[in-house]
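Listing of upload_8.txt, compact mmCIF, C-alpha atoms
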```txt
# COMPACT_ATOMS: atom_id res chain seq x y z
CA MET A 176 -118.29 15.45 -316.04
CA LYS A 177 -120.92 15.98 -313.38
CA THR A 178 -121.06 16.20 -309.59
CA ILE A 179 -122.71 13.14 -308.06
CA GLU A 180 -126.05 13.80 -306.44
CA GLY A 181 -126.05 13.81 -302.64
CA PHE A 182 -122.61 15.36 -302.12
CA VAL A 183 -122.81 18.66 -300.23
CA LEU A 184 -120.21 21.39 -299.63
CA ARG A 185 -119.86 22.40 -295.97
CA PRO A 186 -117.53 24.90 -294.26
CA LEU A 187 -115.42 23.33 -291.50
CA GLY A 188 -113.18 25.68 -289.51
CA GLU A 189 -111.02 27.49 -292.04
CA GLU A 190 -111.42 24.74 -294.62
CA TYR A 191 -114.23 23.07 -296.51
CA ILE A 192 -115.41 19.50 -296.89
CA VAL A 193 -117.67 17.80 -299.39
CA ILE A 194 -119.63 14.97 -297.77
CA GLY A 195 -122.11 12.42 -299.05
CA GLU A 196 -125.50 13.17 -297.53
CA GLY A 197 -127.70 11.34 -300.05
CA ILE A 198 -129.46 8.02 -299.59
CA ALA A 199 -126.98 6.50 -302.08
CA GLN A 200 -124.05 7.38 -299.80
CA VAL A 201 -125.31 5.72 -296.62
CA ASP A 202 -123.03 2.70 -296.95
CA PHE A 203 -120.13 4.50 -298.63
CA ASN A 204 -119.24 7.38 -296.38
CA ARG A 205 -117.01 9.33 -298.79
CA MET A 206 -115.67 12.71 -297.81
CA ILE A 207 -113.05 15.05 -299.24
CA SER A 208 -111.49 18.18 -297.74
CA MET A 209 -111.04 21.27 -299.94
CA ASN A 210 -109.22 24.57 -299.80
CA SER A 211 -111.12 27.77 -300.58
CA SER A 212 -110.40 27.76 -304.34
CA ALA A 213 -111.55 24.15 -304.79
CA ALA A 214 -114.63 24.94 -302.68
CA TYR A 215 -115.32 27.96 -304.91
CA LEU A 216 -115.14 25.73 -307.99
CA TRP A 217 -117.41 23.11 -306.41
CA SER A 218 -120.00 25.72 -305.47
CA LYS A 219 -120.10 26.90 -309.12
CA VAL A 220 -120.49 23.46 -310.70
CA GLU A 221 -122.50 21.53 -308.08
CA GLY A 222 -125.40 19.72 -309.75
CA LYS A 223 -124.24 20.68 -313.27
CA GLU A 224 -122.42 19.18 -316.23
CA PHE A 225 -118.97 20.75 -316.58
CA THR A 226 -115.56 20.30 -318.23
CA VAL A 227 -111.98 20.91 -317.10
CA GLU A 228 -112.08 23.92 -319.43
CA ASP A 229 -115.04 25.33 -317.42
CA LEU A 230 -113.04 24.95 -314.20
CA LYS A 231 -110.10 26.76 -315.80
CA ASP A 232 -112.35 29.65 -316.88
CA LEU A 233 -113.85 29.88 -313.40
CA LEU A 234 -110.36 30.12 -311.89
CA LEU A 235 -109.39 32.86 -314.37
CA GLU A 236 -112.55 34.82 -313.49
CA GLU A 237 -111.91 34.72 -309.75
CA TYR A 238 -108.14 34.65 -309.30
CA GLU A 239 -105.17 36.47 -310.79
CA VAL A 240 -103.41 33.51 -312.38
CA ASP A 241 -101.98 32.90 -315.82
CA PRO A 242 -103.93 30.55 -318.15
CA ASP A 243 -101.33 27.77 -317.99
CA THR A 244 -101.42 27.65 -314.18
CA ALA A 245 -105.22 27.77 -314.19
CA ALA A 246 -105.37 24.90 -316.71
CA ALA A 247 -102.99 22.77 -314.64
CA ASP A 248 -104.89 23.53 -311.39
CA ALA A 249 -108.25 22.78 -313.04
CA ALA A 250 -106.99 19.42 -314.36
CA ALA A 251 -105.56 18.50 -310.95
CA VAL A 252 -108.79 19.39 -309.11
CA ALA A 253 -110.93 17.44 -311.59
CA ALA A 254 -108.67 14.37 -311.29
CA LYS A 255 -108.85 14.55 -307.49
CA TRP A 256 -112.65 14.75 -307.55
CA VAL A 257 -112.96 11.78 -309.89
CA GLU A 258 -110.56 9.76 -307.74
CA ALA A 259 -112.56 10.67 -304.61
CA GLY A 260 -115.74 9.48 -306.30
CA ILE A 261 -117.62 12.78 -305.90
CA VAL A 262 -117.90 13.49 -309.64
CA SER A 263 -118.61 11.14 -312.54
CA GLU A 264 -116.69 11.40 -315.81
CA MET B 293 -155.56 -0.37 -269.79
CA VAL B 294 -152.62 1.37 -271.41
CA ALA B 295 -149.51 1.63 -269.25
CA ARG B 296 -146.97 4.43 -269.65
CA ARG B 297 -143.26 4.47 -268.89
CA LYS B 298 -141.51 7.84 -268.99
CA TYR B 299 -137.74 8.21 -269.32
CA CYS B 300 -135.18 11.00 -269.48
CA VAL B 301 -131.91 10.34 -271.33
CA ALA B 302 -129.33 13.14 -271.71
CA GLY B 303 -131.98 15.71 -270.84
CA HIS B 304 -134.50 14.51 -273.48
CA THR B 305 -137.75 13.02 -272.15
CA PHE B 306 -139.79 10.36 -273.98
CA SER B 307 -142.43 7.73 -273.26
CA LEU B 308 -143.23 4.12 -274.06
CA LEU B 309 -146.91 3.13 -274.13
CA ALA B 310 -148.22 -0.42 -274.12
CA ASP B 311 -151.11 -2.51 -272.91
CA GLU B 312 -150.50 -3.27 -269.22
CA GLU B 313 -150.07 -7.00 -269.82
CA ALA B 314 -147.71 -6.46 -272.77
CA MET B 315 -145.68 -3.93 -270.73
CA LYS B 316 -145.21 -6.51 -267.95
CA ARG B 317 -143.69 -8.95 -270.44
CA LEU B 318 -141.03 -6.45 -271.54
CA LYS B 319 -137.62 -6.49 -269.93
CA LEU B 320 -137.00 -2.83 -269.17
CA ASP B 321 -134.36 -3.08 -266.39
CA ASN B 322 -131.90 -1.10 -268.51
CA TYR B 323 -134.29 1.89 -268.39
CA ALA B 324 -134.68 1.87 -264.57
CA PRO B 325 -131.99 4.53 -263.88
CA PHE B 326 -133.67 6.82 -266.43
CA VAL B 327 -137.26 6.75 -265.13
CA THR B 328 -138.74 10.22 -264.68
CA GLU B 329 -142.09 11.62 -263.56
CA ASP B 330 -142.25 14.91 -265.39
CA GLY B 331 -141.12 16.76 -268.50
CA ASP B 332 -142.71 17.03 -271.94
CA ASP B 333 -142.13 14.06 -274.22
CA ILE B 334 -140.12 14.75 -277.35
CA PHE B 335 -141.47 11.48 -278.74
CA ILE B 336 -143.81 8.62 -277.83
CA VAL B 337 -143.53 4.99 -278.96
CA GLU B 338 -146.65 2.87 -278.62
CA LEU B 339 -146.54 -0.91 -278.76
CA VAL B 340 -149.48 -2.09 -280.89
CA GLY B 341 -150.89 -5.34 -282.27
CA SER B 342 -150.86 -4.42 -285.93
CA PHE B 343 -151.00 -1.62 -288.48
CA GLU B 344 -151.18 -1.11 -292.20
CA THR B 345 -147.88 -1.29 -294.13
CA SER B 346 -149.25 -1.33 -297.67
CA GLY B 347 -148.24 1.55 -299.94
CA ARG B 348 -144.75 1.74 -298.47
CA GLU B 349 -141.93 2.86 -300.76
CA LYS B 350 -138.35 1.73 -300.32
CA LEU B 351 -135.85 4.45 -299.29
CA TYR B 352 -132.94 2.42 -297.97
CA VAL B 353 -132.22 -1.27 -297.50
CA SER B 354 -129.17 -2.18 -295.44
CA PRO B 355 -126.77 -4.88 -296.66
CA ALA B 356 -127.66 -8.35 -295.32
CA GLU B 357 -124.62 -9.34 -293.28
CA SER B 358 -124.86 -12.26 -290.93
CA GLY B 359 -124.22 -11.33 -287.32
CA GLU B 360 -125.25 -7.71 -287.88
CA GLN B 361 -128.78 -6.52 -287.28
CA ARG B 362 -130.62 -5.13 -290.28
CA ILE B 363 -132.80 -2.01 -290.46
CA ASP B 364 -134.58 -1.09 -293.70
CA LEU B 365 -136.31 2.25 -294.23
CA TYR B 366 -139.45 3.00 -296.24
CA SER B 367 -141.61 6.07 -296.70
CA ILE B 368 -145.30 5.61 -295.92
CA ASP B 369 -148.29 7.94 -295.42
CA GLY B 370 -145.97 10.99 -295.47
CA GLY B 371 -143.88 9.49 -292.64
CA TYR B 372 -141.45 6.60 -292.29
CA LEU B 373 -141.52 2.86 -291.71
CA PHE B 374 -138.51 1.01 -290.26
CA GLU B 375 -138.36 -2.76 -290.64
CA MET B 376 -135.95 -4.53 -288.31
CA ALA B 377 -134.37 -7.97 -288.24
CA PRO B 378 -132.12 -9.15 -285.39
CA GLU B 379 -129.64 -10.55 -287.94
CA GLY B 380 -128.98 -9.75 -291.58
CA ASN B 381 -130.26 -13.06 -292.90
CA LEU B 382 -133.21 -13.53 -290.51
CA PRO B 383 -136.75 -12.38 -291.35
CA VAL B 384 -138.16 -9.04 -290.19
CA THR B 385 -139.53 -9.23 -286.63
CA ALA B 386 -140.42 -5.59 -285.93
CA TRP B 387 -142.08 -2.70 -287.72
CA LEU B 388 -141.83 0.91 -286.51
CA LYS B 389 -144.09 3.44 -288.20
CA CYS B 390 -143.59 7.12 -287.40
CA ASP B 391 -144.63 10.61 -288.44
CA PRO B 392 -142.20 12.77 -290.52
CA SER B 393 -141.00 14.73 -287.49
CA PHE B 394 -140.26 11.58 -285.39
CA THR B 395 -142.53 12.64 -282.52
CA SER B 396 -144.89 9.65 -282.42
CA ALA B 397 -144.52 6.06 -283.53
CA GLN B 398 -146.24 2.73 -283.42
CA LEU B 399 -144.22 -0.42 -282.91
CA ARG B 400 -145.32 -3.92 -283.85
CA THR B 401 -143.24 -6.98 -282.98
CA VAL B 402 -143.60 -10.69 -283.60
CA GLY B 403 -141.69 -13.66 -282.21
CA LYS B 404 -139.22 -13.68 -279.38
CA PHE B 405 -137.13 -10.61 -280.17
CA ARG B 406 -139.48 -8.17 -278.40
CA ASN B 407 -136.81 -6.46 -276.28
CA PHE B 408 -134.52 -6.07 -279.29
CA ALA B 409 -137.41 -4.33 -281.08
CA VAL B 410 -138.26 -2.00 -278.20
CA ASN B 411 -134.64 -0.96 -277.66
CA ASN B 412 -134.03 -0.40 -281.37
CA ALA B 413 -137.27 1.57 -281.73
CA MET B 414 -136.37 3.84 -278.82
CA MET B 415 -132.82 4.35 -280.13
CA LEU B 416 -133.99 5.13 -283.67
CA MET B 417 -136.64 7.60 -282.53
CA TYR B 418 -134.19 9.20 -280.10
CA ALA B 419 -131.43 9.63 -282.69
CA PHE B 420 -133.72 10.90 -285.45
CA ARG B 421 -135.82 13.17 -283.23
CA THR B 422 -132.83 14.86 -281.55
CA ALA B 423 -130.52 15.16 -284.59
CA LYS B 424 -131.58 18.79 -285.08
CA SER B 425 -131.09 19.64 -281.39
CA GLY B 426 -127.32 19.49 -280.93
CA THR B 427 -127.53 15.83 -279.93
CA LEU B 428 -125.64 12.80 -281.27
CA GLU B 429 -126.37 9.17 -280.54
CA MET B 430 -122.97 7.58 -281.03
CA HIS B 431 -121.48 4.14 -281.46
CA ALA B 432 -118.69 4.16 -278.88
CA SER B 433 -117.37 2.75 -275.62
CA VAL B 434 -116.91 5.43 -272.95
CA THR B 435 -114.49 5.31 -270.03
CA VAL B 436 -114.38 8.03 -267.38
CA LYS B 437 -111.18 9.25 -265.74
CA ASP B 438 -110.83 12.24 -263.40
CA GLY B 439 -114.30 13.51 -264.26
CA LYS B 440 -113.88 13.41 -268.05
CA GLY B 441 -115.34 10.97 -270.56
CA TYR B 442 -113.13 9.39 -273.24
CA LEU B 443 -114.97 7.93 -276.22
CA PHE B 444 -113.41 5.02 -278.09
CA LEU B 445 -114.72 4.74 -281.64
CA ALA B 446 -114.39 1.81 -284.05
CA ARG B 447 -116.35 -0.46 -286.30
CA SER B 448 -118.06 -3.37 -284.55
CA GLY B 449 -115.56 -6.04 -283.57
CA THR B 450 -112.46 -3.81 -283.79
CA GLY B 451 -111.95 -3.57 -280.04
CA LYS B 452 -113.70 -0.56 -278.47
CA SER B 453 -114.85 -2.60 -275.48
CA THR B 454 -111.49 -4.33 -275.16
CA HIS B 455 -109.70 -0.98 -275.08
CA SER B 456 -112.08 0.29 -272.38
CA ARG B 457 -111.39 -2.87 -270.38
CA MET B 458 -107.62 -2.24 -270.66
CA TRP B 459 -108.17 1.21 -269.10
CA LEU B 460 -110.41 -0.17 -266.33
CA GLU B 461 -107.94 -2.95 -265.43
CA ASN B 462 -104.74 -0.93 -265.62
CA ILE B 463 -105.47 2.72 -264.87
CA PRO B 464 -106.61 3.72 -261.37
CA GLY B 465 -109.64 5.96 -260.93
CA THR B 466 -111.47 4.86 -264.09
CA HIS B 467 -114.99 3.54 -264.63
CA LEU B 468 -117.15 2.56 -267.59
CA LEU B 469 -119.97 4.96 -268.51
CA ASN B 470 -121.41 3.07 -271.50
CA ASP B 471 -120.11 0.34 -273.80
CA ASP B 472 -122.02 0.83 -277.06
CA ASN B 473 -124.43 3.76 -277.53
CA PRO B 474 -123.73 6.88 -275.45
CA VAL B 475 -125.29 10.26 -276.26
CA VAL B 476 -123.12 13.33 -276.86
CA ARG B 477 -124.50 16.87 -276.76
CA PHE B 478 -123.02 20.26 -277.54
CA ILE B 479 -124.68 22.40 -274.94
CA ASN B 480 -123.80 25.92 -273.71
CA GLY B 481 -120.52 25.79 -275.59
CA LYS B 482 -119.44 22.48 -274.04
CA THR B 483 -119.29 18.88 -275.30
CA ILE B 484 -120.92 16.51 -272.80
CA VAL B 485 -121.26 12.70 -272.90
CA TYR B 486 -124.19 10.92 -271.22
CA GLY B 487 -124.88 7.33 -270.22
CA THR B 488 -127.97 5.70 -271.76
CA PRO B 489 -130.16 2.58 -271.44
CA TRP B 490 -128.41 1.24 -274.56
CA SER B 491 -125.03 -0.37 -273.96
CA GLY B 492 -124.76 -3.33 -276.32
CA LYS B 493 -123.86 -6.62 -274.66
CA THR B 494 -122.43 -4.95 -271.54
CA PRO B 495 -125.06 -4.22 -268.87
CA CYS B 496 -123.81 -0.72 -268.00
CA TYR B 497 -126.75 1.70 -267.75
CA ARG B 498 -125.49 4.73 -265.84
CA ASN B 499 -127.48 7.92 -265.67
CA GLU B 500 -124.39 10.14 -265.44
CA GLU B 501 -122.82 12.90 -267.52
CA TYR B 502 -119.26 14.13 -268.01
CA PRO B 503 -117.46 16.69 -270.16
CA VAL B 504 -115.78 14.89 -273.08
CA GLY B 505 -111.98 14.68 -272.75
CA ALA B 506 -111.30 13.24 -276.20
CA PHE B 507 -112.50 11.03 -279.02
CA VAL B 508 -110.14 8.17 -279.90
CA ARG B 509 -110.49 6.13 -283.09
CA ILE B 510 -109.23 2.58 -282.45
CA ASN B 511 -107.29 0.94 -285.26
CA ARG B 512 -105.74 -2.53 -284.90
CA ALA B 513 -101.98 -2.41 -285.63
CA PRO B 514 -98.84 -4.41 -284.82
CA ARG B 515 -97.64 -1.77 -282.33
CA ASN B 516 -99.04 1.03 -280.19
CA SER B 517 -98.92 4.69 -281.28
CA ILE B 518 -101.23 7.66 -281.06
CA SER B 519 -101.54 10.87 -283.10
CA ARG B 520 -103.87 13.85 -283.21
CA MET B 521 -106.29 13.98 -286.16
CA SER B 522 -106.72 16.96 -288.47
CA LEU B 523 -110.09 18.70 -288.41
CA PRO B 524 -111.46 16.94 -291.54
CA GLU B 525 -110.23 13.57 -290.23
CA ALA B 526 -111.88 14.23 -286.87
CA PHE B 527 -115.10 15.22 -288.59
CA ALA B 528 -115.10 12.05 -290.72
CA SER B 529 -114.39 9.88 -287.70
CA VAL B 530 -117.07 11.31 -285.39
CA SER B 531 -119.52 11.47 -288.29
CA SER B 532 -119.13 7.82 -289.22
CA SER B 533 -119.82 6.81 -285.59
CA SER B 534 -122.98 8.92 -285.23
CA SER B 535 -126.55 7.68 -285.84
CA GLY B 536 -128.95 9.40 -288.18
CA LEU B 537 -129.71 9.62 -291.86
CA ARG B 538 -128.36 12.75 -293.54
CA ALA B 539 -130.66 12.18 -296.50
CA ILE B 540 -133.71 13.04 -294.37
CA LYS B 541 -134.62 16.71 -294.71
CA GLY B 542 -133.08 18.85 -291.96
CA MET B 543 -131.12 15.98 -290.42
CA GLY B 544 -128.00 16.52 -292.56
CA ASP B 545 -127.86 20.17 -291.48
CA GLY B 546 -128.42 19.28 -287.81
CA LEU B 547 -125.79 16.55 -287.71
CA PHE B 548 -123.24 18.66 -289.57
CA ASP B 549 -123.79 21.60 -287.22
CA THR B 550 -123.36 19.48 -284.08
CA ILE B 551 -120.40 17.43 -285.30
CA SER B 552 -118.50 20.45 -286.66
CA ARG B 553 -118.85 22.25 -283.31
CA ILE B 554 -117.81 19.18 -281.33
CA VAL B 555 -114.67 18.45 -283.35
CA GLN B 556 -113.57 22.08 -283.00
CA ASP B 557 -114.15 21.88 -279.22
CA VAL B 558 -112.65 18.48 -278.32
CA PRO B 559 -109.45 16.79 -279.61
CA CYS B 560 -109.69 13.61 -281.70
CA TYR B 561 -106.92 11.05 -281.89
CA LEU B 562 -106.07 8.00 -283.98
CA LEU B 563 -104.79 5.13 -281.83
CA ASP B 564 -102.98 2.38 -283.71
CA CYS B 565 -102.90 -0.37 -281.13
CA LEU B 566 -102.72 -3.93 -279.94
CA PRO B 567 -105.37 -5.24 -277.54
CA ASP B 568 -103.00 -4.89 -274.57
CA ARG B 569 -102.17 -2.99 -271.37
CA GLU B 570 -99.54 -0.80 -273.03
CA ALA B 571 -102.15 0.48 -275.52
CA ALA B 572 -104.23 1.85 -272.64
CA LEU B 573 -101.18 3.47 -271.01
CA VAL B 574 -99.98 5.06 -274.29
CA CYS B 575 -103.47 6.34 -275.01
CA CYS B 576 -104.22 7.61 -271.50
CA SER B 577 -100.93 9.47 -271.20
CA LYS B 578 -101.59 11.31 -274.49
CA VAL B 579 -105.29 12.13 -274.12
CA THR B 580 -105.01 13.32 -270.51
CA GLU B 581 -102.00 15.57 -271.27
CA GLY B 582 -102.51 19.01 -269.77
CA ASN B 583 -105.29 17.91 -267.42
CA GLY B 584 -102.88 18.73 -264.57
```

As structure tokens, please, write out the structure in this file.
Amino acid sequence: MKTIEGFVLRPLGEEYIVIGEGIAQVDFNRMISMNSSAAYLWSKVEGKEFTVEDLKDLLLEEYEVDPDTAAADAAAVAAKWVEAGIVSE
Amino acid sequence: MVARRKYCVAGHTFSLLADEEAMKRLKLDNYAPFVTEDGDDIFIVELVGSFETSGREKLYVSPAESGEQRIDLYSIDGGYLFEMAPEGNLPVTAWLKCDPSFTSAQLRTVGKFRNFAVNNAMMLMYAFRTAKSGTLEMHASVTVKDGKGYLFLARSGTGKSTHSRMWLENIPGTHLLNDDNPVVRFINGKTIVYGTPWSGKTPCYRNEEYPVGAFVRINRAPRNSISRMSLPEAFASVSSSSSGLRAIKGMGDGLFDTISRIVQDVPCYLLDCLPDREAALVCCSKVTEGNG
């Protein structure tokens, strides 16, 4: 999968949001809020091709979690991003 | 002879230039409270007979909806060209060509929609030129109570103006500041709302400013209730009611910076409501809580 061009990660208070700032998003004002771990993942994959496996590895690099938890979290984050329309499959 | 009209809206000064005869034909009553003598212009719009539009490249074309005005955006000569139609399915009647920093523009109009063109040109230049300066041109109706401005946000036709009217008719000590396009600035750590020459169909052109009490998103519902928005919800709501094009370099950063400060400074509410008196009372009692 790949992040869709024009979506930008921004810090908002103690959270993060990803908002559509491209010309393609003018009429479809999509936005999604993120916690710090999702924001960390986004910052690593923005503009790149990636897989759920990549997200899992990124979580294992940064956080002290077991592989099963990381795999489940990575799958959940990816599904949420696809549903929000900020990444393409 | 070229005539000049100089205006100051929310602390930003700008000028309109036109041939004396052409200037006389414009209806500029809505700008009268904003006339100023001095101050450096942040932008100048000049009404001209014609200019070259060949070599333009399409950046954004708005959906053609009847009843809604249409503004299409092109890049040209390193700057921008806006083409405007008074309704989605009518032909283009105005062309606004400006430099990449939105400091000077030429406006050409044809047909009878000259005032529509001038107002839209001024609003576009204002919004785009000030987006990096802590300034938002918003789509809202603003009612003032006890020295604070309350901004009602909604899509066109959802009932912003109606909700303002419910306040004015039922709550003592209220008045309308602007009914369509107020300006909001984050200045010296405070969020301030200003009246403008642009107020939609309601002739309400007040040159006044007030600290913002709250933003309220109006949502039609079968009964009245109000709740405070989370920070991301507040951001999304204020953002979707602010003019500007985030895709233009620097503008996305400027708008984000201003909106994120504002929504951390001022509370935002979601009002599910009917178009009735009780909606105004429910809303007012919540948003003025703690004002003593």

Check every residue of chain B for an atom within 9 Å of chain A, counting only C-alpha atoms, and provide those that qualify as JSON, numbers by chain. {"B": [351, 352, 354, 355, 523, 524, 525, 527, 528, 532, 537, 538, 539, 540, 544, 548, 552, 553, 556]}

Which residues, protein or nucleic acid, reach to within 10 Å of (-131.7, 0.9, -268.6) in the file's coordinates when using all atoms listed in the file, and can you give that as a compact mmCIF listing (two decimals) with C-alpha atoms, in the coordinates of the input?
```
# COMPACT_ATOMS: atom_id res chain seq x y z
CA TYR B 299 -137.74 8.21 -269.32
CA VAL B 301 -131.91 10.34 -271.33
CA LYS B 319 -137.62 -6.49 -269.93
CA LEU B 320 -137.00 -2.83 -269.17
CA ASP B 321 -134.36 -3.08 -266.39
CA ASN B 322 -131.90 -1.10 -268.51
CA TYR B 323 -134.29 1.89 -268.39
CA ALA B 324 -134.68 1.87 -264.57
CA PRO B 325 -131.99 4.53 -263.88
CA PHE B 326 -133.67 6.82 -266.43
CA VAL B 327 -137.26 6.75 -265.13
CA ASN B 411 -134.64 -0.96 -277.66
CA GLY B 487 -124.88 7.33 -270.22
CA THR B 488 -127.97 5.70 -271.76
CA PRO B 489 -130.16 2.58 -271.44
CA TRP B 490 -128.41 1.24 -274.56
CA SER B 491 -125.03 -0.37 -273.96
CA PRO B 495 -125.06 -4.22 -268.87
CA CYS B 496 -123.81 -0.72 -268.00
CA TYR B 497 -126.75 1.70 -267.75
CA ARG B 498 -125.49 4.73 -265.84
CA ASN B 499 -127.48 7.92 -265.67
```

Can you tell me, as a VMD selection string, what residues are no more than 12 Å from segment 211-221 of chain A when counting all atoms listed in the file, ignoring any on the same chain fewer than 2 positions away? chain A and resid 176 to 193 207 to 209 223 to 238 245 248 to 253 255 to 256 261 to 263

9 Å contact set for segment 559-572 of chain B, all atoms listed in the file, chain neighbours under 4 positions out, as a PyMOL selection string: chain B and resi 451+454-459+461-463+505-523+525-527+529-530+554-555+576-577+579

Atom CA of Arg317 of chain B to atom CA of Lys404 of chain B measures 11.1 Å

Taking the point (-126.5, 17.2, -271.4) as given in the file, collect each protein or nucleic acid residue that comes within 7 Å of it, counting only C-alpha atoms, and present the set as a PyMOL selection string. chain B and resi 302-303+477+479+484+486+501

Same residues, C-alpha atoms, saved as a PDB file, keeping the file's coordinate frame:
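Saved to part.pdb:
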```
ATOM      1  CA  ALA B 302    -129.330  13.140-271.710  1.00  0.00           C
ATOM      2  CA  GLY B 303    -131.980  15.710-270.840  1.00  0.00           C
ATOM      3  CA  ARG B 477    -124.500  16.870-276.760  1.00  0.00           C
ATOM      4  CA  ILE B 479    -124.680  22.400-274.940  1.00  0.00           C
ATOM      5  CA  ILE B 484    -120.920  16.510-272.800  1.00  0.00           C
ATOM      6  CA  TYR B 486    -124.190  10.920-271.220  1.00  0.00           C
ATOM      7  CA  GLU B 501    -122.820  12.900-267.520  1.00  0.00           C
TER       8      GLU B 501
END
```

His431 of chain B surroundings by all atoms listed in the file, 9 Å radius, close-in-sequence under 3 positions cut, as a compact mmCIF listing (two decimals) with C-alpha atoms, in the coordinates of the input:
```txt
# COMPACT_ATOMS: atom_id res chain seq x y z
CA PHE B 444 -113.41 5.02 -278.09
CA LEU B 445 -114.72 4.74 -281.64
CA ALA B 446 -114.39 1.81 -284.05
CA ARG B 447 -116.35 -0.46 -286.30
CA SER B 448 -118.06 -3.37 -284.55
CA ASP B 471 -120.11 0.34 -273.80
CA ASP B 472 -122.02 0.83 -277.06
CA ASN B 473 -124.43 3.76 -277.53
CA PRO B 474 -123.73 6.88 -275.45
CA VAL B 475 -125.29 10.26 -276.26
CA SER B 532 -119.13 7.82 -289.22
CA SER B 533 -119.82 6.81 -285.59
CA SER B 534 -122.98 8.92 -285.23
CA SER B 535 -126.55 7.68 -285.84
```

Kindly give the distance, in Å, that separates atom CA of Leu547 of chain B and atom CA of Tyr418 of chain B, rounded to a single decimal.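 A separation of 13.5 Å between them.
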
Suppose you want the space between atom CA of Ser396 of chain B and atom CA of Lys298 of chain B; what is it in Å?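 Computed distance, atom CA of Ser396 of chain B to atom CA of Lys298 of chain B, equals 14.0 Å.
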